[in-house]
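Structure record follows, encoded as structure tokens.
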There are 6 protein chains.
Amino acid sequence: MDEHIYIYIIIIPYYAIFVNGKICKDPKVVTADDFFKSSLNVAGNTSNNIGSAVTVVNVFNLPELNTLDISLVRIDYAPYGVNPPHMHPRGAEILVVLEGTLYVGFVLSNSGPNMKNKLFTKILHPRDVFVFPIGLIHFQFNVEKTKAVAFAGLSSQNPGVITITNAVFGSDPPINDDVLAKTFQVDKKVVDYLQSQFWWDNN
Amino acid sequence: MDEHIYIYIIIIPYYAIFVNGKICKDPKVVTADDFFKSSLNVAGNTSNNIGSAVTVVNVFNLPELNTLDISLVRIDYAPYGVNPPHMHPRGAEILVVLEGTLYVGFVLSNSGPNMKNKLFTKILHPRDVFVFPIGLIHFQFNVEKTKAVAFAGLSSQNPGVITITNAVFGSDPPINDDVLAKTFQVDKKVVDYLQSQFWWDNN
Amino acid sequence: MDEHIYIYIIIIPYYAIFVNGKICKDPKVVTADDFFKSSLNVAGNTSNNIGSAVTVVNVFNLPELNTLDISLVRIDYAPYGVNPPHMHPRGAEILVVLEGTLYVGFVLSNSGPNMKNKLFTKILHPRDVFVFPIGLIHFQFNVEKTKAVAFAGLSSQNPGVITITNAVFGSDPPINDDVLAKTFQVDKKVVDYLQSQFWWDNN
Amino acid sequence: MDEHIYIYIIIIPYYAIFVNGKICKDPKVVTADDFFKSSLNVAGNTSNNIGSAVTVVNVFNLPELNTLDISLVRIDYAPYGVNPPHMHPRGAEILVVLEGTLYVGFVLSNSGPNMKNKLFTKILHPRDVFVFPIGLIHFQFNVEKTKAVAFAGLSSQNPGVITITNAVFGSDPPINDDVLAKTFQVDKKVVDYLQSQFWWDNN
Amino acid sequence: MDEHIYIYIIIIPYYAIFVNGKICKDPKVVTADDFFKSSLNVAGNTSNNIGSAVTVVNVFNLPELNTLDISLVRIDYAPYGVNPPHMHPRGAEILVVLEGTLYVGFVLSNSGPNMKNKLFTKILHPRDVFVFPIGLIHFQFNVEKTKAVAFAGLSSQNPGVITITNAVFGSDPPINDDVLAKTFQVDKKVVDYLQSQFWWDNN
Amino acid sequence: MDEHIYIYIIIIPYYAIFVNGKICKDPKVVTADDFFKSSLNVAGNTSNNIGSAVTVVNVFNLPELNTLDISLVRIDYAPYGVNPPHMHPRGAEILVVLEGTLYVGFVLSNSGPNMKNKLFTKILHPRDVFVFPIGLIHFQFNVEKTKAVAFAGLSSQNPGVITITNAVFGSDPPINDDVLAKTFQVDKKVVDYLQSQFWWDNN
């Protein structure tokens with residue numbers, strides 16, 4: 001029998017620790033700036049074909065969020081811009097509108113009796129709060145000809161985002177069009193057309 | 001200020017307990033049958049427009065799965081049938097093919113650098129095993145002109161299922177077509193056409 | 001004050017469910033309003049001796065937050081108002097300033113080498129973001145002669161709040177003054193004086 | 001036995017990540033094969049004194065199961081073979097019979113009133129499903145003179161297995177026989193005899 | 001069979017809640033006594049055939065431990081008494097000896113390379129501390145002719161206990177002796193003899 | 001500023017793993033001593049201005065507690081000594097008195113109606129047990145002129161401790177005295193006096 005011994009040589013600084021797959025800073029050199037982020041004072045660029053931009057503060061750009069189960073986003077909407085149907089596999093979202101008027105909604109799963117794919121929607125005005133449960137497909141739409149701004153907390157340091165169009169029609173490589181034609185009950189040409197589009201990622 | 005006092009009158013049997021929102025059986029009357037299910041010995045009916053059927057054993061039909069974080073499904077596929085793109089918000093899935101040949105795949109989220117919406121696919125033969133990570137959009141497609149059968153374990157007593165077409169185009173009531181037209185970058189007529197289709201629920 | 005008490009007697013059928021100690025609504029009668037709250041569009045009343053007011057949206061006033069591990073607060077500060085040292089036993093906090101200038105800080109625990117009771121502070125301006133780790137004592141102080149407003153997400157549907165002064169000197173009944181005199185290394189008269197004060201609860 | 005030792009020296013760059021004590025692959029080099037396993041298409045070797053073999057797909061041989069809380073096993077049984085009393089400290093199990101007839105059972109703990117050490121048993125036929133709760137001692141026994149095959153999902157990427165005989169009589173070094181004689185209320189010679197046996201590990 | 005069904009009608013006030021399957025007391029009537037237990041000041045009765053007694057303070061007799069993930073036990077040992085091989089499916093244990101000398105040990109699982117069923121043992125004197133990992137089979141044995149006493153904390157409000165002999169040979173009804181004869185590689189008469197013994201439950 | 005960077009090169013064998021930010025020992029070289037600690041057989045030194053000493057067995061000095069969610073402390077009290085108001089952000093505590101008479105108590109949070117800052121206290125005698133819920137401020141006070149000893153289990157391998165006086169008045173650097181003067185409703189001189197005291201850390 002053969003035995004494999006793997007020896008890893010890792011250069012690690014004093015006190016460096018791995019928690020949740022991340023190298024933690026030596027606590028002695030941590031400063032208040034490690035808990036601070038100023039990026040949300042600038043509006044995101046909404047000059048794209050969906051008219052929205054999401055600016056995120058999560059564990060990737062504010063590492064001290066590690067283990068804290070929380071992150072924050074700012075969402076900017078152009079007039080009639082949409083934050084298109086998407087879901088966060090690891091986070092519920094609580095959104096507060098700062099500016100403008102939003103039509104928001106989410107769809108239940110197709111489990112459970114009597115409630116399959118039920119849609120809930122609401123028109124929100126400034127300082128209104130709305131909750132999107134974890135893992136459900138949801139969206140926001142700016143119904144006015146002026147820009148809108150919202151902030152939202154998410155219940156994960158890394159909630160993830162799956163934008164439906166981008167995952168289904170914009171995957172790399174593309175999903176076999178036989179699968180999508182049968183799924184969407186359309187001709188393969190329609191699938192091919194959609195797969196040839198550019199799917200903007202607003203995150 | 002008004003004060004509301006709610007008084008609940010609940011008729012509960014001796015020892016009845018609520019755990020995870022479910023009434024547990026009095027342990028003294030539990031029998032081995034409470035841990036048993038024979039429904040997976042019958043093929044699901046795949047005579048539908050997507051050509052697949054999912055038979056589930058989860059906490060809704062086998063209540064003793066409560067708190068056990070596991071469930072099991074049998075999936076039957078007609079020739080060229082598809083289990084269309086869907087995701088389970090609360091469960092990873094490990095699938096084993098019993099009969100036939102399946103083209104399977106899943107798509108990553110659009111978080112994280114360099115890997116946005118990356119598609120992973122594989123052709124599976126009998127007794128091959130494949131893993132679908134929690135919360136990601138995935139599918140299986142029977143690539144042969146004979147039927148196929150798979151079994152899968154899921155890491156939740158109630159993993160949930162969100163079928164993309166059903167949630168996006170088959171919600172009740174329908175999502176505002178302005179939102180979907182802007183999202184899919186198509187004319188509202190295309191959205192209206194898709195929303196008028198019947199979206200079969202294979203679960 | 002005129003007080004009306006409404007008494008409801010509710011017979012709950014066998015399938016009524018308790019999750020996390022809360023009675024869930026029958027999903028069939030849930031509406032979008034159950035996910036909606038408009039209370040954050042009104043400033044809290046900061047006319048109190050500490051000059052701050054916290055308006056919370058948590059599972060107690062928005063029950064559909066149940067199981068979602070998130071809540072939101074609006075904090076209003078009078079000029080030179082303080083949100084006094086406090087901690088949330090069940091929630092980390094991510095705060096964004098909307099208006100004004102805040103001096104914020106938190107103190108580490110006295111566990112671990114070299115970092116005992118280390119204080120981290122920062123001056124925050126509008127749209128700046130700061131994170132307060134779970135379970136640590138923290139505060140915000142309005143350093144200007146104009147009012148300030150902040151919003152914060154917390155990583156719990158019910159994060160709890162322990163305000164140090166209120167718990168230590170304002171408990172009901174009071175803590176034995178021998179204990180506090182020895183703890184604070186002061187004369188019992190000082191303890192008695194502090195225990196006789198009114199400790200405003202800004203939550 | 002000829003033993004070859006291969007020594008690999010691996011320099012891990014700063015972004016290499018450890019999650020749950022495992023080194024994650026750089027996501028850029030992950031392929032669909034990392035989610036795939038074909039080992040379950042071969043029957044395990046049941047030519048041993050208990051007449052059973054368990055073939056596992058868990059995080060040790062399919063590393064992408066890391067964090068997914070699920071694994072799968074195939075169990076082969078010789079005629080009258082037994083998968084002897086054992087428990088999984090970290091996993092519930094949902095088993096489906098593919099071939100043959102099994103007598104299965106599990107025993108409750110000795111906590112709780114009126115139910116101490118209660119045994120639940122059932123005869124299972126092909127496609128029957130049975131659940132073994134987490135942490136309880138359970139077994140399967142092939143009651144026919146033909147072979148049997150089952151598949152089972154477990155609610156952990158690494159459920160662990162403690163086979164009672166192997167742990168109690170086959171530990172390394174042996175447990176002091178005074179302890180076991182008093183425990184089993186038998187003569188030390190009986191303990192010594194049992195400790196001298198070879199306890200086959202069918203995993 | 002005569003069956004009595006007791007139906008209780010319970011008027012539950014506003015606050016009454018079910019958490020973890022338990023009815024919580026109205027917080028307004030909770031007193032310090034709900035957090036207090038005096039039962040550990042009396043030695044357990046060790047006049048039984050294994051010579052040990054475990055007195056537990058857990059959520060069943062101190063309900064305010066609900067959700068607190070901790071419990072405490074006192075273990076009394078007669079001279080040469082044994083707390084026989086057992087495991088706690090939901091709790092690690094940290095034990096401190098108050099009186100006497102104990103030989104303690106635990107056995108690893110048979111998962112993982114090179115460490116299968118490895119036994120760890122230690123002789124403990126007063127005020128020595130030893131840790132038993134969650135889910136592993138462990139025991140304590142009083143090696144002196146004088147009594148011994150230990151206290152232990154467990155990492156669950158309801159850690160559970162599975163005593164190996166009681167579950168395997170003392171189950172109700174007995175496990176089929178074909179299964180146990182094959183398992184223990186002994187004659188069925190030996191199994192029948194063991195199943196006919198009285199297995200004392202020291203908990 | 002002079003900056004020293006220490007770079008360590010560590011050769012990690014095959015099995016070395018990082019779990020929870022700690023390097024786990026190679027299981028092949030683990031011995032029973034890794035689960036053993038004798039430090040609790042010596043009384044802590046209570047010759048300090050609060051008259052108490054806490055000796056801890058946690059993951060920092062007994063690394064095999066990693067992932068086990070439990071730790072143990074011994075608390076020694078001089079006559080009239082106090083274990084001053086403090087809280088454990090990550091652990092509930094179950095305490096048993098071995099010697100002496102203690103006045104113990106804890107204070108609820110200021111969330112929830114009707115129960116804000118409610119104090120629960122109790123006089124404890126030897127072998128009495130008391131529970132301190134997670135995250136709440138609590139204390140023990142030796143009410144006799146003889147020494148006292150208690151042991152306590154905590155529901156975390158690293159429960160943490162925040163001593164109120166040390167965090168509020170003894171932080172490094174000190175909290176701005178404007179904040180504390182407004183918080184405690186006292187003159188800044190009082191705050192400055194308290195901040196100039198030496199706050200003993202009894203842990």
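Chain labels run A, B, ... following the order of the structure tokens; each chain numbers its residues from 1, and ligands are numbered from 1 in the order shown.
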### Query
For chain F against chain C, which residues fall within 6 Å using only C-alpha atoms, given as a PyMOL selection string?
chain F and resi 84+89+109-111+117-119+135+160-162+167+171-173+183
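Chain E and chain A, identical in sequence, superpose over all their Cα atoms with an RMSD of 4.5 Å.
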### Query
Using the chain letters and numbers from this document, which residues of segment 7-203 of chain F does DSSP assign to alpha helix (DSSP H), as a PyMOL selection string?
chain F and resi 164-169+177-184+188-196
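Residue nearest Ala150 of chain D, chosen from B:Leu98, B:Val191, B:Ile70, B:Leu124 and counting only C-alpha atoms: B:Leu98.
Using only C-alpha atoms, the protein and nucleic acid residues lying no more than 9 Å from Leu95 of chain F, apart from those fewer than 3 places from it along its own chain, are Leu72 of chain E; Asp128, Val129, Phe130, Val131, Phe132, Ala150, Phe151, Ala152, Gly153 and Leu154 of chain F.
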Given the selection you just returned, output its residues as a file containing all heavy atoms, formatted as a PDB file, in the first residue's frame.
ATOM      1  N   LEU E  72     -25.972  20.220  34.500  1.00  0.00           N
ATOM      2  CA  LEU E  72     -24.975  19.872  35.504  1.00  0.00           C
ATOM      3  C   LEU E  72     -25.388  18.533  36.095  1.00  0.00           C
ATOM      4  O   LEU E  72     -26.570  18.264  36.272  1.00  0.00           O
ATOM      5  CB  LEU E  72     -24.976  20.959  36.590  1.00  0.00           C
ATOM      6  CG  LEU E  72     -23.798  21.050  37.555  1.00  0.00           C
ATOM      7  CD1 LEU E  72     -22.538  21.484  36.827  1.00  0.00           C
ATOM      8  CD2 LEU E  72     -24.099  22.061  38.648  1.00  0.00           C
TER       9      LEU E  72
ATOM     10  N   ASP F 128     -25.884  24.068  46.492  1.00  0.00           N
ATOM     11  CA  ASP F 128     -26.995  24.699  45.776  1.00  0.00           C
ATOM     12  C   ASP F 128     -26.531  25.061  44.367  1.00  0.00           C
ATOM     13  O   ASP F 128     -25.354  25.365  44.142  1.00  0.00           O
ATOM     14  CB  ASP F 128     -27.449  25.986  46.479  1.00  0.00           C
ATOM     15  CG  ASP F 128     -28.357  25.711  47.680  1.00  0.00           C
ATOM     16  OD1 ASP F 128     -28.782  24.557  47.862  1.00  0.00           O
ATOM     17  OD2 ASP F 128     -28.611  26.651  48.440  1.00  0.00           O
ATOM     18  N   VAL F 129     -27.486  25.028  43.440  1.00  0.00           N
ATOM     19  CA  VAL F 129     -27.199  25.294  42.031  1.00  0.00           C
ATOM     20  C   VAL F 129     -27.990  26.518  41.578  1.00  0.00           C
ATOM     21  O   VAL F 129     -29.158  26.671  41.946  1.00  0.00           O
ATOM     22  CB  VAL F 129     -27.608  24.071  41.171  1.00  0.00           C
ATOM     23  CG1 VAL F 129     -27.532  24.395  39.683  1.00  0.00           C
ATOM     24  CG2 VAL F 129     -26.733  22.868  41.499  1.00  0.00           C
ATOM     25  N   PHE F 130     -27.368  27.384  40.777  1.00  0.00           N
ATOM     26  CA  PHE F 130     -28.071  28.546  40.246  1.00  0.00           C
ATOM     27  C   PHE F 130     -27.640  28.760  38.792  1.00  0.00           C
ATOM     28  O   PHE F 130     -26.494  28.502  38.435  1.00  0.00           O
ATOM     29  CB  PHE F 130     -27.753  29.797  41.075  1.00  0.00           C
ATOM     30  CG  PHE F 130     -28.762  30.903  40.902  1.00  0.00           C
ATOM     31  CD1 PHE F 130     -29.972  30.874  41.590  1.00  0.00           C
ATOM     32  CD2 PHE F 130     -28.522  31.967  40.030  1.00  0.00           C
ATOM     33  CE1 PHE F 130     -30.913  31.886  41.434  1.00  0.00           C
ATOM     34  CE2 PHE F 130     -29.457  32.979  39.858  1.00  0.00           C
ATOM     35  CZ  PHE F 130     -30.657  32.939  40.563  1.00  0.00           C
ATOM     36  N   VAL F 131     -28.569  29.246  37.990  1.00  0.00           N
ATOM     37  CA  VAL F 131     -28.326  29.436  36.561  1.00  0.00           C
ATOM     38  C   VAL F 131     -28.315  30.920  36.213  1.00  0.00           C
ATOM     39  O   VAL F 131     -29.220  31.657  36.617  1.00  0.00           O
ATOM     40  CB  VAL F 131     -29.445  28.761  35.743  1.00  0.00           C
ATOM     41  CG1 VAL F 131     -29.285  29.067  34.263  1.00  0.00           C
ATOM     42  CG2 VAL F 131     -29.449  27.271  35.989  1.00  0.00           C
ATOM     43  N   PHE F 132     -27.302  31.365  35.478  1.00  0.00           N
ATOM     44  CA  PHE F 132     -27.250  32.727  34.962  1.00  0.00           C
ATOM     45  C   PHE F 132     -27.424  32.663  33.452  1.00  0.00           C
ATOM     46  O   PHE F 132     -26.553  32.136  32.754  1.00  0.00           O
ATOM     47  CB  PHE F 132     -25.913  33.390  35.313  1.00  0.00           C
ATOM     48  CG  PHE F 132     -25.614  33.421  36.780  1.00  0.00           C
ATOM     49  CD1 PHE F 132     -24.729  32.514  37.352  1.00  0.00           C
ATOM     50  CD2 PHE F 132     -26.243  34.339  37.608  1.00  0.00           C
ATOM     51  CE1 PHE F 132     -24.452  32.524  38.715  1.00  0.00           C
ATOM     52  CE2 PHE F 132     -25.979  34.355  38.976  1.00  0.00           C
ATOM     53  CZ  PHE F 132     -25.081  33.445  39.528  1.00  0.00           C
ATOM     54  N   ALA F 150     -16.893  28.255  44.650  1.00  0.00           N
ATOM     55  CA  ALA F 150     -17.937  27.742  43.750  1.00  0.00           C
ATOM     56  C   ALA F 150     -17.280  27.213  42.486  1.00  0.00           C
ATOM     57  O   ALA F 150     -16.164  27.614  42.134  1.00  0.00           O
ATOM     58  CB  ALA F 150     -18.934  28.839  43.401  1.00  0.00           C
ATOM     59  N   PHE F 151     -17.974  26.287  41.839  1.00  0.00           N
ATOM     60  CA  PHE F 151     -17.582  25.817  40.512  1.00  0.00           C
ATOM     61  C   PHE F 151     -18.721  26.169  39.569  1.00  0.00           C
ATOM     62  O   PHE F 151     -19.887  26.179  39.976  1.00  0.00           O
ATOM     63  CB  PHE F 151     -17.385  24.295  40.514  1.00  0.00           C
ATOM     64  CG  PHE F 151     -15.995  23.874  40.863  1.00  0.00           C
ATOM     65  CD1 PHE F 151     -15.374  24.357  42.011  1.00  0.00           C
ATOM     66  CD2 PHE F 151     -15.281  22.994  40.060  1.00  0.00           C
ATOM     67  CE1 PHE F 151     -14.073  23.966  42.349  1.00  0.00           C
ATOM     68  CE2 PHE F 151     -13.991  22.597  40.389  1.00  0.00           C
ATOM     69  CZ  PHE F 151     -13.386  23.091  41.528  1.00  0.00           C
ATOM     70  N   ALA F 152     -18.379  26.444  38.301  1.00  0.00           N
ATOM     71  CA  ALA F 152     -19.455  26.733  37.354  1.00  0.00           C
ATOM     72  C   ALA F 152     -19.102  26.197  35.979  1.00  0.00           C
ATOM     73  O   ALA F 152     -17.942  26.282  35.548  1.00  0.00           O
ATOM     74  CB  ALA F 152     -19.722  28.232  37.270  1.00  0.00           C
ATOM     75  N   GLY F 153     -20.081  25.629  35.318  1.00  0.00           N
ATOM     76  CA  GLY F 153     -19.959  25.254  33.916  1.00  0.00           C
ATOM     77  C   GLY F 153     -20.504  26.379  33.058  1.00  0.00           C
ATOM     78  O   GLY F 153     -21.487  27.024  33.423  1.00  0.00           O
ATOM     79  N   LEU F 154     -19.860  26.629  31.898  1.00  0.00           N
ATOM     80  CA  LEU F 154     -20.352  27.659  30.979  1.00  0.00           C
ATOM     81  C   LEU F 154     -20.551  27.029  29.609  1.00  0.00           C
ATOM     82  O   LEU F 154     -19.758  26.179  29.195  1.00  0.00           O
ATOM     83  CB  LEU F 154     -19.376  28.825  30.896  1.00  0.00           C
ATOM     84  CG  LEU F 154     -19.312  29.648  32.199  1.00  0.00           C
ATOM     85  CD1 LEU F 154     -18.001  29.469  32.904  1.00  0.00           C
ATOM     86  CD2 LEU F 154     -19.610  31.107  31.907  1.00  0.00           C
TER      87      LEU F 154
END
### Query
So how far away is atom CA of Pro79 of chain C from atom CA of Lys189 of chain F, in Å?
22.1 Å
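The space between atom CA of Val57 of chain E and atom CA of Phe35 of chain E spans 10.9 Å.
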### Message
Going by DSSP on the backbone, which residues of segment 4-182 of chain D come out as strand (DSSP E)? List them as a PyMOL selection string.
### Response
chain D and resi 4-11+18-19+22-23+36-37+52-57+71-77+82-87+93-99+102-107+119-124+129-132+137-142+148-154+162-163
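Atom CA of Val149 of chain E is found 10.0 Å from atom CA of Val54 of chain E.
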### Task
Within 9 Å of Val56 of chain B, counting only C-alpha atoms, which residues show up once you throw out same-chain ones fewer than 3 positions away? Write them as a PyMOL selection string, please.
chain B and resi 39-40+61+71-75+203
